[in-house]
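Notes to accompany the following structure.
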Amino acid sequence: MPTPSPAVVQRAHGLEIVEAGVTYSGGVVALAGVSLSLAQGSFHAILGPSGCGKSTLLKTIARIVPLSSGSIARPGDGSFAYVPQGNSCFPWLRAEENVAYGMRLRGVSRGERTRRASQLLADLGLEAFARTYPAQLSEGMRQRVTIARAFALEAPLLLMDEPLSALDFQTKIAVQNELLRLWSRSGCTVVYVTHDIDEALALADNVSVLSARPGHVLETVSIPFVRPRSYAALREQPEYGPLFRKLYTLLGEQ
Amino acid sequence: MKGLLRGSGAPLLLGLLLPAFLLGLWQIAAEQRWIDTLFYPAPWDVAQRTWEQARSGDLLADAWVTNRRLLIGFAIGAIPGGLIGLAAGISRPLRRLLYPLATALYVVPRIAMLPLVLVAFGITDGARIFMVGFSVFFVVFFAALSAAEQVSPMHLETARAFGAGRLRLITTVLVPASAPAVFSGLRIAMGFALIVIVGTEFLASNDGLGARIWQSYQIFDFPSMYAGIVAVTMVGVALNLVLLAIERMALPWVRET
């Protein structure tokens, strides 16, 4: 457990990152001075070109990659849930056991694990697949399971690394809507890594664009669209064009 | 039922076609004296001799002796092989310590060790069981080692992000993720074990199916020799089926994929 820093005590913040730097052994500087301040309960997208250190930033917040400099103050009790890039379902666990995995590690009682897992699977339309192994689920179902596994922890902070990038457009929109529903119900802060401008515009309250390596925040843009949003309706908003162009230009500066 | 027939029954029947044809050809060749029946008795005579000897009990007694040596030797080799292999796959220092020696010993043909083992153990069951254990150990060791090395970093990172410590990483990710490859190693090791026990019994045993085959050969009792070969094959098939059944119970997610 980390020693509590003053920032943890200030409960207004969803996540406070100050001058975070990551240098890998071998001298490669992945992140240089990333600073971010997230409001509690906000949905924050990290947008950046591939190889810019988006995933590294997320892994640093998730304590997988150690911080070389700077500090990170996580909200609440400091706990978080993590959805890695790719198919991260454990193939040897049934859908419901995958959802319960994090709860099991945190010592949540069996009854509570079952209750939360079946509730989440039902929320995501997977109640009929609770006893199914991941290999027999579709890609979209598997991503729903990893999302359920993360929300099951009821952590104040949710970290997601391009969770939907492998899905086709239709499935992606369906899972995005389910994700937003779960998020608004839970009130947790979400950090959502993506390389897709439209996805960031459809999901996030704020979008931070990361520079090429060594990654740092070029600019954080707030997204004014009211929820619920739809891809089609977004394009009719007068702000959509300028916002898209702004993010596109920031990405293009790499 | 229809699905069952289509799914597994028909290919099984198809697979039996070729052996049945070859056995039929052999039977005819023996009856027509195309081949010397002293050395190559007809399959029907072999079957009869196998059945007689099974009923009299001495074939079964030898089968049990061989089976017992196999099982004990297999357990003695496979359990430490699997555990030490997993440990070496997880721990880099341990891997660096064990890998060169294990690789060198793995290359030695198992049966070449027999004289040395006989010197150490005498012509005893201990020596025969050790031969089996020794040959099984390295196969399972390397299967477990490479399985543990190849566990997906993403699964490990996911578990760590969910708060898994070292012990939980091992029990909830490394062991289940490695298990399918370890089981393949066990099946390969069973093949090695059969070769080694029969070879060992040829040279250094008065009982067991290997000794029976060898002694029958030496007194030109070829039907009995074939009966021994049939029995050894059946022991091998039975042990493989047992392994497969254990695998299916232990790794249900593999079967259903």
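Residue numbers start at 1 in each chain; chains themselves are named A, B, ... in the order of the structure tokens; ligands are numbered from 1 in the order shown.
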Would you write out, as JSON lines, a table of all residues in chain A that have an atom no more than 12 Å from an atom of chain B, listing for each the closest atom pair and the distance in Å to one decimal, considering only C-alpha atoms and ordering rows by chain and rising residue number?
```
{"residue": "A:Met1", "atom": "CA", "partner": "B:Gly163", "partner_atom": "CA", "distance": 10.7}
{"residue": "A:Leu58", "atom": "CA", "partner": "B:Ala161", "partner_atom": "CA", "distance": 10.7}
{"residue": "A:Lys59", "atom": "CA", "partner": "B:Ala161", "partner_atom": "CA", "distance": 8.4}
{"residue": "A:Thr60", "atom": "CA", "partner": "B:Ala161", "partner_atom": "CA", "distance": 10.2}
{"residue": "A:Ile61", "atom": "CA", "partner": "B:Ala161", "partner_atom": "CA", "distance": 9.6}
{"residue": "A:Ala62", "atom": "CA", "partner": "B:Ala161", "partner_atom": "CA", "distance": 5.8}
{"residue": "A:Arg63", "atom": "CA", "partner": "B:Ala161", "partner_atom": "CA", "distance": 6.8}
{"residue": "A:Ile64", "atom": "CA", "partner": "B:Ala161", "partner_atom": "CA", "distance": 6.4}
{"residue": "A:Val65", "atom": "CA", "partner": "B:Glu157", "partner_atom": "CA", "distance": 9.6}
{"residue": "A:Gly78", "atom": "CA", "partner": "B:Gly163", "partner_atom": "CA", "distance": 11.9}
{"residue": "A:Ser79", "atom": "CA", "partner": "B:Phe162", "partner_atom": "CA", "distance": 9.1}
{"residue": "A:Phe80", "atom": "CA", "partner": "B:Phe162", "partner_atom": "CA", "distance": 8.0}
{"residue": "A:Ala81", "atom": "CA", "partner": "B:Phe162", "partner_atom": "CA", "distance": 6.6}
{"residue": "A:Tyr82", "atom": "CA", "partner": "B:Ala161", "partner_atom": "CA", "distance": 6.3}
{"residue": "A:Val83", "atom": "CA", "partner": "B:Thr158", "partner_atom": "CA", "distance": 7.5}
{"residue": "A:Pro84", "atom": "CA", "partner": "B:Thr158", "partner_atom": "CA", "distance": 6.7}
{"residue": "A:Gln85", "atom": "CA", "partner": "B:Met154", "partner_atom": "CA", "distance": 8.2}
{"residue": "A:Gly86", "atom": "CA", "partner": "B:Met154", "partner_atom": "CA", "distance": 8.3}
{"residue": "A:Asn87", "atom": "CA", "partner": "B:Met154", "partner_atom": "CA", "distance": 8.7}
{"residue": "A:Ser88", "atom": "CA", "partner": "B:His155", "partner_atom": "CA", "distance": 6.1}
{"residue": "A:Cys89", "atom": "CA", "partner": "B:His155", "partner_atom": "CA", "distance": 7.9}
{"residue": "A:Phe90", "atom": "CA", "partner": "B:His155", "partner_atom": "CA", "distance": 7.0}
{"residue": "A:Pro91", "atom": "CA", "partner": "B:Trp253", "partner_atom": "CA", "distance": 7.0}
{"residue": "A:Trp92", "atom": "CA", "partner": "B:Trp253", "partner_atom": "CA", "distance": 5.6}
{"residue": "A:Leu93", "atom": "CA", "partner": "B:Trp253", "partner_atom": "CA", "distance": 7.6}
{"residue": "A:Arg94", "atom": "CA", "partner": "B:Trp253", "partner_atom": "CA", "distance": 8.1}
{"residue": "A:Ala95", "atom": "CA", "partner": "B:Trp253", "partner_atom": "CA", "distance": 11.3}
{"residue": "A:Glu97", "atom": "CA", "partner": "B:Thr172", "partner_atom": "CA", "distance": 11.4}
{"residue": "A:Asn98", "atom": "CA", "partner": "B:Ala159", "partner_atom": "CA", "distance": 10.9}
{"residue": "A:Val99", "atom": "CA", "partner": "B:Phe162", "partner_atom": "CA", "distance": 11.6}
{"residue": "A:Ala100", "atom": "CA", "partner": "B:Phe162", "partner_atom": "CA", "distance": 11.0}
{"residue": "A:Tyr101", "atom": "CA", "partner": "B:Phe162", "partner_atom": "CA", "distance": 8.2}
{"residue": "A:Gly102", "atom": "CA", "partner": "B:Phe162", "partner_atom": "CA", "distance": 5.4}
{"residue": "A:Met103", "atom": "CA", "partner": "B:Phe162", "partner_atom": "CA", "distance": 8.5}
{"residue": "A:Arg104", "atom": "CA", "partner": "B:Phe162", "partner_atom": "CA", "distance": 9.6}
{"residue": "A:Leu105", "atom": "CA", "partner": "B:Ala164", "partner_atom": "CA", "distance": 6.5}
{"residue": "A:Arg106", "atom": "CA", "partner": "B:Gly163", "partner_atom": "CA", "distance": 7.4}
{"residue": "A:Gly107", "atom": "CA", "partner": "B:Gly163", "partner_atom": "CA", "distance": 10.8}
{"residue": "A:Arg131", "atom": "CA", "partner": "B:Trp253", "partner_atom": "CA", "distance": 10.8}
{"residue": "A:Thr132", "atom": "CA", "partner": "B:Trp253", "partner_atom": "CA", "distance": 9.0}
{"residue": "A:Tyr133", "atom": "CA", "partner": "B:Trp253", "partner_atom": "CA", "distance": 6.2}
{"residue": "A:Pro134", "atom": "CA", "partner": "B:Trp253", "partner_atom": "CA", "distance": 8.6}
{"residue": "A:Ala135", "atom": "CA", "partner": "B:Thr257", "partner_atom": "CA", "distance": 5.9}
{"residue": "A:Gln136", "atom": "CA", "partner": "B:Thr257", "partner_atom": "CA", "distance": 6.6}
{"residue": "A:Leu137", "atom": "CA", "partner": "B:Thr257", "partner_atom": "CA", "distance": 10.2}
{"residue": "A:Thr146", "atom": "CA", "partner": "B:Thr158", "partner_atom": "CA", "distance": 10.1}
{"residue": "A:Arg149", "atom": "CA", "partner": "B:Phe162", "partner_atom": "CA", "distance": 9.7}
{"residue": "A:Ala150", "atom": "CA", "partner": "B:Phe162", "partner_atom": "CA", "distance": 8.8}
{"residue": "A:Phe151", "atom": "CA", "partner": "B:Phe162", "partner_atom": "CA", "distance": 11.8}
{"residue": "A:Ala152", "atom": "CA", "partner": "B:Phe162", "partner_atom": "CA", "distance": 11.2}
{"residue": "A:Leu153", "atom": "CA", "partner": "B:Phe162", "partner_atom": "CA", "distance": 9.0}
{"residue": "A:Ala155", "atom": "CA", "partner": "B:Phe162", "partner_atom": "CA", "distance": 10.7}
{"residue": "A:Leu158", "atom": "CA", "partner": "B:Ala161", "partner_atom": "CA", "distance": 11.2}
{"residue": "A:Leu159", "atom": "CA", "partner": "B:Ala161", "partner_atom": "CA", "distance": 10.0}
{"residue": "A:Met160", "atom": "CA", "partner": "B:Thr158", "partner_atom": "CA", "distance": 11.4}
{"residue": "A:Asp161", "atom": "CA", "partner": "B:Thr158", "partner_atom": "CA", "distance": 11.5}
```
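Of the residues under consideration (B:Ala102, B:Ala211, B:Val119, B:Leu83), B:Leu83 shows the shortest atom-to-atom contact distance to Ser178 of chain B when counting only C-alpha atoms.
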(message) Applying 12 Å and only C-alpha atoms, which residues near Val108 of chain B remain after dropping the ones on its own chain fewer than 6 positions away? List them as a count of residues only.
(response) 6
(request) Enumerate the residues of segment 6-250 of chain A with a DSSP assignment of helix (DSSP H, G or I), computed from the backbone, and present them as a count of residues only. (result) 96
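Near Thr23 of chain A, within 12 Å and counting only C-alpha atoms, sit Gly27, Val28, Val29, Ala30, Leu31, Ala32, Gly33, Gly53, Thr56, Leu57, Thr60, Val65, Pro66, Leu67, Ser68, Ser69, Gly70, Arg213, Pro214 and Gly215 of chain A; same-chain residues fewer than 4 positions away were not included.
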Using C-alpha atoms, can you write the selected residues to a file as a CSV table (one decimal), in the first residue's frame?
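Final output, saved to result.csv:
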```
chain,number,residue,atom,x,y,z
A,27,GLY,CA,17.1,4.6,-21.2
A,28,VAL,CA,14.0,4.8,-23.4
A,29,VAL,CA,11.9,7.7,-22.1
A,30,ALA,CA,8.2,6.6,-22.5
A,31,LEU,CA,6.6,9.4,-20.6
A,32,ALA,CA,8.0,12.8,-19.8
A,33,GLY,CA,6.1,15.2,-17.4
A,53,GLY,CA,2.9,6.0,-24.4
A,56,THR,CA,2.3,3.1,-20.5
A,57,LEU,CA,0.5,6.0,-18.9
A,60,THR,CA,1.5,3.4,-14.6
A,65,VAL,CA,4.7,0.0,-14.7
A,66,PRO,CA,6.6,1.9,-11.9
A,67,LEU,CA,6.8,5.6,-12.0
A,68,SER,CA,10.3,7.1,-12.5
A,69,SER,CA,9.4,10.6,-11.5
A,70,GLY,CA,6.4,12.7,-10.5
A,213,ARG,CA,7.3,9.7,-27.4
A,214,PRO,CA,8.4,10.8,-24.9
A,215,GLY,CA,4.7,11.4,-24.2
```
(request) Among the residues of segment 27-143 of chain A, find those DSSP assigns to strand (DSSP E or B) from the backbone and print them as JSON, numbers by chain. (result) {"A": [29, 30, 31, 32, 33, 34, 35, 36, 37, 38, 39, 43, 44, 45, 46, 47, 69, 70, 71, 72, 73, 80, 81, 82, 83]}
Find the spatial neighbours of Pro242 of chain A, counting only C-alpha atoms, within a cut-off of 12 Å - ignore same-chain residues fewer than 5 positions away - and output them as a compact mmCIF listing (two decimals) with N, CA and C atoms, in the first residue's frame.
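Wrote result28.txt, looks like this:
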```txt
# COMPACT_ATOMS: atom_id res chain seq x y z
N LEU A 201 -14.89 11.61 -28.89
CA LEU A 201 -15.96 12.62 -28.90
C LEU A 201 -17.30 12.04 -28.45
N VAL A 221 -8.92 19.01 -24.01
CA VAL A 221 -10.06 19.68 -24.63
C VAL A 221 -11.33 19.18 -23.95
N ILE A 223 -15.33 18.41 -23.94
CA ILE A 223 -16.30 18.08 -24.97
C ILE A 223 -17.68 18.55 -24.51
N ARG A 235 -22.53 14.61 -35.46
CA ARG A 235 -22.04 15.26 -36.67
C ARG A 235 -22.89 16.46 -37.07
N GLU A 236 -24.08 16.55 -36.53
CA GLU A 236 -24.94 17.69 -36.85
C GLU A 236 -24.71 18.86 -35.91
N GLN A 237 -23.93 18.63 -34.83
CA GLN A 237 -23.64 19.71 -33.88
C GLN A 237 -22.68 20.70 -34.54
N LEU A 247 -8.67 18.26 -32.73
CA LEU A 247 -8.02 17.01 -32.25
C LEU A 247 -7.18 16.38 -33.36
N TYR A 248 -7.72 16.45 -34.57
CA TYR A 248 -7.00 15.89 -35.72
C TYR A 248 -5.68 16.61 -35.92
N THR A 249 -5.72 17.94 -35.78
CA THR A 249 -4.49 18.73 -35.96
C THR A 249 -3.49 18.42 -34.85
```
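Residues in contact with Trp214 of chain B at up to 12 Å, not including ones fewer than 3 positions away on its chain and judged by only C-alpha atoms, are Val198, Gly199, Thr200, Glu201, Phe202, Leu203, Ala204, Ser205, Asn206, Asp207, Gly208, Leu209, Gly210, Ala211, Tyr217, Gln218, Ile219, Phe220, Asp221, Phe222, Ser224, Met225, Tyr226, Ala227, Gly228 and Ile229 of chain B.
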Write a file of the just-selected residues containing N, CA and C atoms, as a CSV table (one decimal), in the first residue's frame.
```
chain,number,residue,atom,x,y,z
B,198,VAL,N,9.9,-51.2,-21.4
B,198,VAL,CA,10.0,-52.4,-22.2
B,198,VAL,C,11.5,-52.7,-22.5
B,199,GLY,N,12.2,-51.7,-22.9
B,199,GLY,CA,13.7,-51.9,-23.1
B,199,GLY,C,14.4,-52.4,-21.8
B,200,THR,N,14.0,-51.8,-20.7
B,200,THR,CA,14.6,-52.2,-19.4
B,200,THR,C,14.3,-53.6,-19.1
B,201,GLU,N,13.0,-54.0,-19.3
B,201,GLU,CA,12.6,-55.3,-19.0
B,201,GLU,C,13.2,-56.4,-19.9
B,202,PHE,N,13.5,-56.0,-21.2
B,202,PHE,CA,14.2,-56.8,-22.1
B,202,PHE,C,15.5,-57.3,-21.4
B,203,LEU,N,16.2,-56.3,-20.9
B,203,LEU,CA,17.7,-56.4,-20.5
B,203,LEU,C,17.8,-56.8,-19.1
B,204,ALA,N,16.9,-56.3,-18.2
B,204,ALA,CA,17.2,-56.4,-16.8
B,204,ALA,C,16.0,-56.8,-16.0
B,205,SER,N,15.3,-57.8,-16.4
B,205,SER,CA,14.1,-58.2,-15.7
B,205,SER,C,13.7,-59.7,-16.0
B,206,ASN,N,13.2,-60.4,-15.0
B,206,ASN,CA,12.6,-61.7,-15.3
B,206,ASN,C,11.1,-61.7,-15.3
B,207,ASP,N,10.5,-60.6,-15.0
B,207,ASP,CA,9.1,-60.5,-15.1
B,207,ASP,C,8.7,-59.2,-15.8
B,208,GLY,N,7.4,-59.0,-16.0
B,208,GLY,CA,6.9,-57.9,-16.8
B,208,GLY,C,6.8,-58.2,-18.2
B,209,LEU,N,6.1,-57.4,-19.0
B,209,LEU,CA,5.7,-57.7,-20.4
B,209,LEU,C,7.0,-57.7,-21.3
B,210,GLY,N,7.9,-56.8,-21.0
B,210,GLY,CA,9.1,-56.7,-21.7
B,210,GLY,C,9.9,-58.0,-21.6
B,211,ALA,N,10.1,-58.5,-20.4
B,211,ALA,CA,10.8,-59.8,-20.2
B,211,ALA,C,10.0,-60.9,-20.9
B,217,TYR,N,10.7,-64.6,-27.5
B,217,TYR,CA,11.5,-64.5,-28.7
B,217,TYR,C,12.7,-65.5,-28.7
B,218,GLN,N,13.3,-65.6,-27.5
B,218,GLN,CA,14.5,-66.4,-27.4
B,218,GLN,C,14.2,-67.9,-27.5
B,219,ILE,N,13.0,-68.3,-27.1
B,219,ILE,CA,12.6,-69.8,-27.3
B,219,ILE,C,11.7,-70.0,-28.5
B,220,PHE,N,11.7,-69.0,-29.4
B,220,PHE,CA,10.9,-69.1,-30.6
B,220,PHE,C,9.5,-69.3,-30.4
B,221,ASP,N,8.9,-68.9,-29.3
B,221,ASP,CA,7.5,-69.0,-29.0
B,221,ASP,C,6.8,-67.7,-29.5
B,222,PHE,N,6.7,-67.6,-30.9
B,222,PHE,CA,6.3,-66.3,-31.5
B,222,PHE,C,4.9,-65.9,-31.1
B,224,SER,N,3.4,-66.3,-28.4
B,224,SER,CA,3.5,-65.6,-27.0
B,224,SER,C,4.2,-64.3,-27.1
B,225,MET,N,5.1,-64.2,-28.0
B,225,MET,CA,5.8,-62.9,-28.1
B,225,MET,C,4.8,-61.8,-28.6
B,226,TYR,N,4.0,-62.3,-29.6
B,226,TYR,CA,3.0,-61.3,-30.1
B,226,TYR,C,1.9,-61.0,-29.0
B,227,ALA,N,1.6,-62.0,-28.2
B,227,ALA,CA,0.6,-61.8,-27.1
B,227,ALA,C,1.2,-60.7,-26.2
B,228,GLY,N,2.5,-60.8,-26.0
B,228,GLY,CA,3.1,-59.8,-25.1
B,228,GLY,C,3.1,-58.4,-25.7
B,229,ILE,N,3.3,-58.3,-27.1
B,229,ILE,CA,3.2,-57.0,-27.7
B,229,ILE,C,1.8,-56.4,-27.7
```
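Here atom CA of Ala189 of chain B is placed at a distance of 14.4 Å from atom CA of Arg69 of chain B.
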(message) Env of Gly73 of chain B: 10 Å cut, atoms = only C-alpha atoms, seq-sep filter 2 positions within chain, self excluded. Answer as JSON, numbers by chain.
(response) {"B": [67, 68, 69, 70, 71, 75, 76, 77, 78, 126, 127, 128, 129, 130, 131, 132, 133, 134, 135, 136, 137, 193, 197]}
Writing out the chosen residues with C-alpha atoms as a tab-separated table (two decimals), in the first residue's frame:
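As a result, out20.tsv now contains:
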```tsv
chain	number	residue	atom	x	y	z
B	67	ASN	CA	1.91	-51.33	-15.24
B	68	ARG	CA	2.96	-50.88	-11.61
B	69	ARG	CA	6.52	-49.92	-12.60
B	70	LEU	CA	5.13	-47.49	-15.17
B	71	LEU	CA	2.73	-45.80	-12.78
B	75	ALA	CA	4.52	-40.30	-10.76
B	76	ILE	CA	8.10	-40.06	-9.48
B	77	GLY	CA	9.18	-38.38	-12.71
B	78	ALA	CA	6.15	-36.31	-13.65
B	126	GLY	CA	14.06	-49.64	-7.92
B	127	ALA	CA	16.32	-49.55	-10.98
B	128	ARG	CA	13.44	-50.18	-13.39
B	129	ILE	CA	11.23	-47.58	-11.76
B	130	PHE	CA	14.09	-45.09	-11.73
B	131	MET	CA	14.59	-45.61	-15.47
B	132	VAL	CA	10.97	-44.68	-16.08
B	133	GLY	CA	11.04	-41.73	-13.68
B	134	PHE	CA	14.28	-40.41	-15.15
B	135	SER	CA	12.95	-40.43	-18.70
B	136	VAL	CA	9.59	-38.92	-17.73
B	137	PHE	CA	11.11	-36.18	-15.59
B	193	ALA	CA	7.96	-44.34	-20.35
B	197	ILE	CA	10.17	-49.88	-19.42
```
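Distances from B:Ala238, B:Val232, B:Val182, B:Leu145 to Ala250 of chain B were compared using only C-alpha atoms, and the smallest one belongs to B:Val182.
Compared by their closest atoms to Leu36 of chain A, and using only C-alpha atoms, the residues A:Thr220, A:Ser50, A:Ser184, A:Thr171 rank with A:Thr220 nearest.
For the pair atom CA of Ala204 of chain A and atom CA of Leu250 of chain A, the interatomic distance is 17.0 Å.
In this comparison, which uses only C-alpha atoms, the residue of A:Leu157, A:Ile17, A:Leu164, A:Leu47 approaching Asp77 of chain A most closely is A:Leu157.
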